[in-house]
Amino acid sequence: MSGVGKVSEADRRRLAVLEELRARELDPNQYARLGELLAGIVLSPAHSPDIRRRAVRLVVERYSAEAPVWLGRAVPQTHEPEVREALLAHLRALADRRSVPWLILALAEADPRVLPSDTPVGTAVQDIAGQPLEQVLLSQTEPGGDLDARIAALGCLRRQAGADRAAALLRVRPGGDEFLETVRFWADGLGYVPANRPRWLMCHAQRLQLSRSDRERLGQRVQMLAGREVYRFSVGDSYLLLNLTDQHLSQTGGELAERLADRLASLSHTQRPPSYAGAPDDCREDFTGQRRLLSYADLLRMCLLLEHLAEPDNRSALRGRLAEDWADPTSEIGGLCFLEDRTVTFKLYAPAQRVGDHRYVESAALIADACLCVARWHCHAGARRSEDEPPEGRRLMDRQGRPAGRRDRTSGAWQAAPRAGPGLDDLSYVAYVGTPLVVLSRLNDNQLNVDYVNPEGIVVDLGNY
């Protein structure tokens, strides 16, 4: 059968089987096996919403002891509104706190623009626990829980209570395990609370690597910048703040911004067409209009990058990286930016896997070293085209879907080119890992375009070279 709102013939047959099983008396082995099958159906998006909702009801009816865990485990992986609504309704009725860690994992993926307590999952957590969400989240950071659930509770607490209150609440929690000691290390004095697993791992790795004197110097510099620049510390800034001189940090945000604006106005720029109208990558890339959205650390990084790009040998080396990427159709190439003699260097890391011309898979070595770096970087050299394919510039379209030719390169002029800058996957990954990204793009005439992307999704085009 077809049509909106109608159950397919295959679903009718599956529902009939489920009804027959519901009515049948089963021996212990059959009963256990049926429970495993039902739990799998509830968990799997491969089944239709009708089948999954019926399986949910059967789990509640026949497996009441296991239901809170089985249904709770399914919530983070369920995005069909009708199935998630059914799961939450039954979990509220069961009122078993064993489901709470799973619900918090789902809550961590909710829209960050909405308070967690105002979401359906957040409401369900409060109903099940019988406590305000802030109190539930704080309790979920305690020893004994799953690491991912504890980290999710941290991120949700930060969104619910705000960074300052979350840090204050965590600062006074008793110690006793490595997780809470790491959290207290950054919350105490620096007021930082990691929002997800990569940022917590960055906190953990830095705590193990930084000496006591490093920690004290970092705290002093953060305090100085917080008073002078209204700066809020992020763990991804540690390397930069510890490795720059007092002279570097004596420059005010206004002075850095003025230098950046003057330099960028003298360059030509290239913007990547968005994936679609209104997409996350359908964003502005100018500096002046986004200045107030950038942190002091962002301004420092971009100034250092422009100093690097001012040197002809450095530009030539980066074009060489793009040539390597262009010659290798098995993977993009990339790595990390560090500081040597107070100037930026681009260190190459071999990809962990070679999965295609438009993807760079980070190695374990890169991920480990990224806990203390200036930024990540990778190349967008573009895919090779066949000889009979028209030049890329002639295939460009503007945002209204009309053919867009190449513009003349004049000072400050903007152009459009394929893959000249971050894509949707880059923006989401930078937000996830909490480390800025530098994208090196090959333009159609083998010129180099450079974009800076911060974890908040702000993109600044640093020019064509």
# chains A, B, ... in the order shown; residues from 1 in each chain; ligands from 1

call {"tool": "select_by_dssp", "arguments": {"residues": "segment 159-330 of chain A", "states": "helix (DSSP H, G or I)", "output": "JSON, numbers by chain"}}
result
{"A": [159, 160, 161, 163, 164, 165, 166, 167, 168, 169, 170, 171, 178, 179, 180, 181, 182, 183, 184, 185, 186, 187, 197, 198, 199, 200, 201, 202, 203, 204, 205, 206, 207, 208, 209, 212, 213, 214, 215, 216, 217, 218, 219, 220, 221, 222, 223, 224, 225, 226, 227, 228, 229, 235, 236, 237, 238, 239, 240, 241, 242, 243, 246, 247, 248, 249, 250, 253, 254, 255, 256, 257, 258, 259, 260, 261, 262, 263, 264, 265, 288, 289, 290, 291, 292, 293, 296, 297, 298, 299, 300, 301, 302, 303, 304, 305, 306, 307, 308, 309, 312, 313, 314, 315, 316, 317, 318, 319, 320, 321, 322, 323, 324, 325, 326, 327]}

call {"tool": "select_by_dssp", "arguments": {"residues": "segment 225-383 of chain A", "states": "strand (DSSP E or B)", "output": "PyMOL selection string"}}
result
chain A and resi 269-271+334-340+343-349+375-380

call {"tool": "closest_residue", "arguments": {"among": "A:Gln353, A:Ser268, A:Gln223, A:Ser238", "to": "Val374 of chain A", "atoms": "only C-alpha atoms"}}
result
A:Ser238

call {"tool": "residues_around", "arguments": {"residues": "Arg354 of chain A", "least_positions_apart": "5", "cutoff": "8 Å", "atoms": "only C-alpha atoms", "output": "PyMOL selection string"}}
result
chain A and resi 330-331+360-361

call {"tool": "write_last_selection", "arguments": {"atoms": "N, CA and C atoms", "output": "PDB file, in the first residue's frame"}}
result
ATOM      1  N   THR A 330      44.187  10.513  -3.727  1.00  0.00           N
ATOM      2  CA  THR A 330      43.720   9.583  -2.690  1.00  0.00           C
ATOM      3  C   THR A 330      43.351  10.265  -1.392  1.00  0.00           C
ATOM      4  N   SER A 331      43.794  11.512  -1.196  1.00  0.00           N
ATOM      5  CA  SER A 331      43.512  12.187   0.071  1.00  0.00           C
ATOM      6  C   SER A 331      43.877  13.658  -0.037  1.00  0.00           C
ATOM      7  N   TYR A 360      40.342  14.715   4.450  1.00  0.00           N
ATOM      8  CA  TYR A 360      41.589  14.498   5.177  1.00  0.00           C
ATOM      9  C   TYR A 360      41.255  13.847   6.514  1.00  0.00           C
ATOM     10  N   VAL A 361      41.744  12.634   6.715  1.00  0.00           N
ATOM     11  CA  VAL A 361      41.484  11.884   7.944  1.00  0.00           C
ATOM     12  C   VAL A 361      42.685  12.054   8.867  1.00  0.00           C
TER      13      VAL A 361
END

call {"tool": "atom_distance", "arguments": {"atom1": "atom CA of Asp118 of chain A", "atom2": "atom CA of Gln160 of chain A"}}
result
9.6 Å

call {"tool": "residues_around", "arguments": {"residues": "Asp214 of chain A", "least_positions_apart": "5", "cutoff": "10 Å", "atoms": "only C-alpha atoms", "output": "MDAnalysis selection string"}}
result
chainID A and resid 209 219:220 238 242

call {"tool": "write_last_selection", "arguments": {"atoms": "C-alpha atoms", "output": "PDB file, in the first residue's frame"}}
result
ATOM      1  CA  GLN A 209      51.817  18.208  29.986  1.00  0.00           C
ATOM      2  CA  GLY A 219      46.629  32.059  34.615  1.00  0.00           C
ATOM      3  CA  GLN A 220      48.431  35.403  34.899  1.00  0.00           C
ATOM      4  CA  SER A 238      46.808  27.749  25.803  1.00  0.00           C
ATOM      5  CA  LEU A 242      52.232  30.397  26.554  1.00  0.00           C
TER       6      LEU A 242
END

call {"tool": "atom_distance", "arguments": {"atom1": "atom CA of Val42 of chain A", "atom2": "atom CA of Pro101 of chain A"}}
result
17.6 Å

call {"tool": "residues_around", "arguments": {"residues": "Ala110 of chain A", "least_positions_apart": "2", "cutoff": "12 Å", "atoms": "only C-alpha atoms", "output": "list in words"}}
result
Val75, Pro76, His79, Leu103, Ile104, Leu105, Ala106, Leu107, Ala108, Pro112, Arg113, Val114, Leu115, Pro116, Ser117, Asp118, Thr119, Pro120, Val121, Gly122, Ala152, Gly155, Cys156, Arg159 and Gln160 of chain A

call {"tool": "closest_residue", "arguments": {"among": "A:Leu300, A:Ala279, A:Arg165, A:Gly289", "to": "Ser428 of chain A", "atoms": "only C-alpha atoms"}}
result
A:Ala279

call {"tool": "closest_residue", "arguments": {"among": "A:Pro273, A:Gly356, A:Pro436, A:Pro28", "to": "Cys337 of chain A", "atoms": "only C-alpha atoms"}}
result
A:Pro436

call {"tool": "residues_around", "arguments": {"residues": "Gly334 of chain A", "least_positions_apart": "4", "cutoff": "8 Å", "atoms": "only C-alpha atoms", "output": "count of residues only"}}
result
9
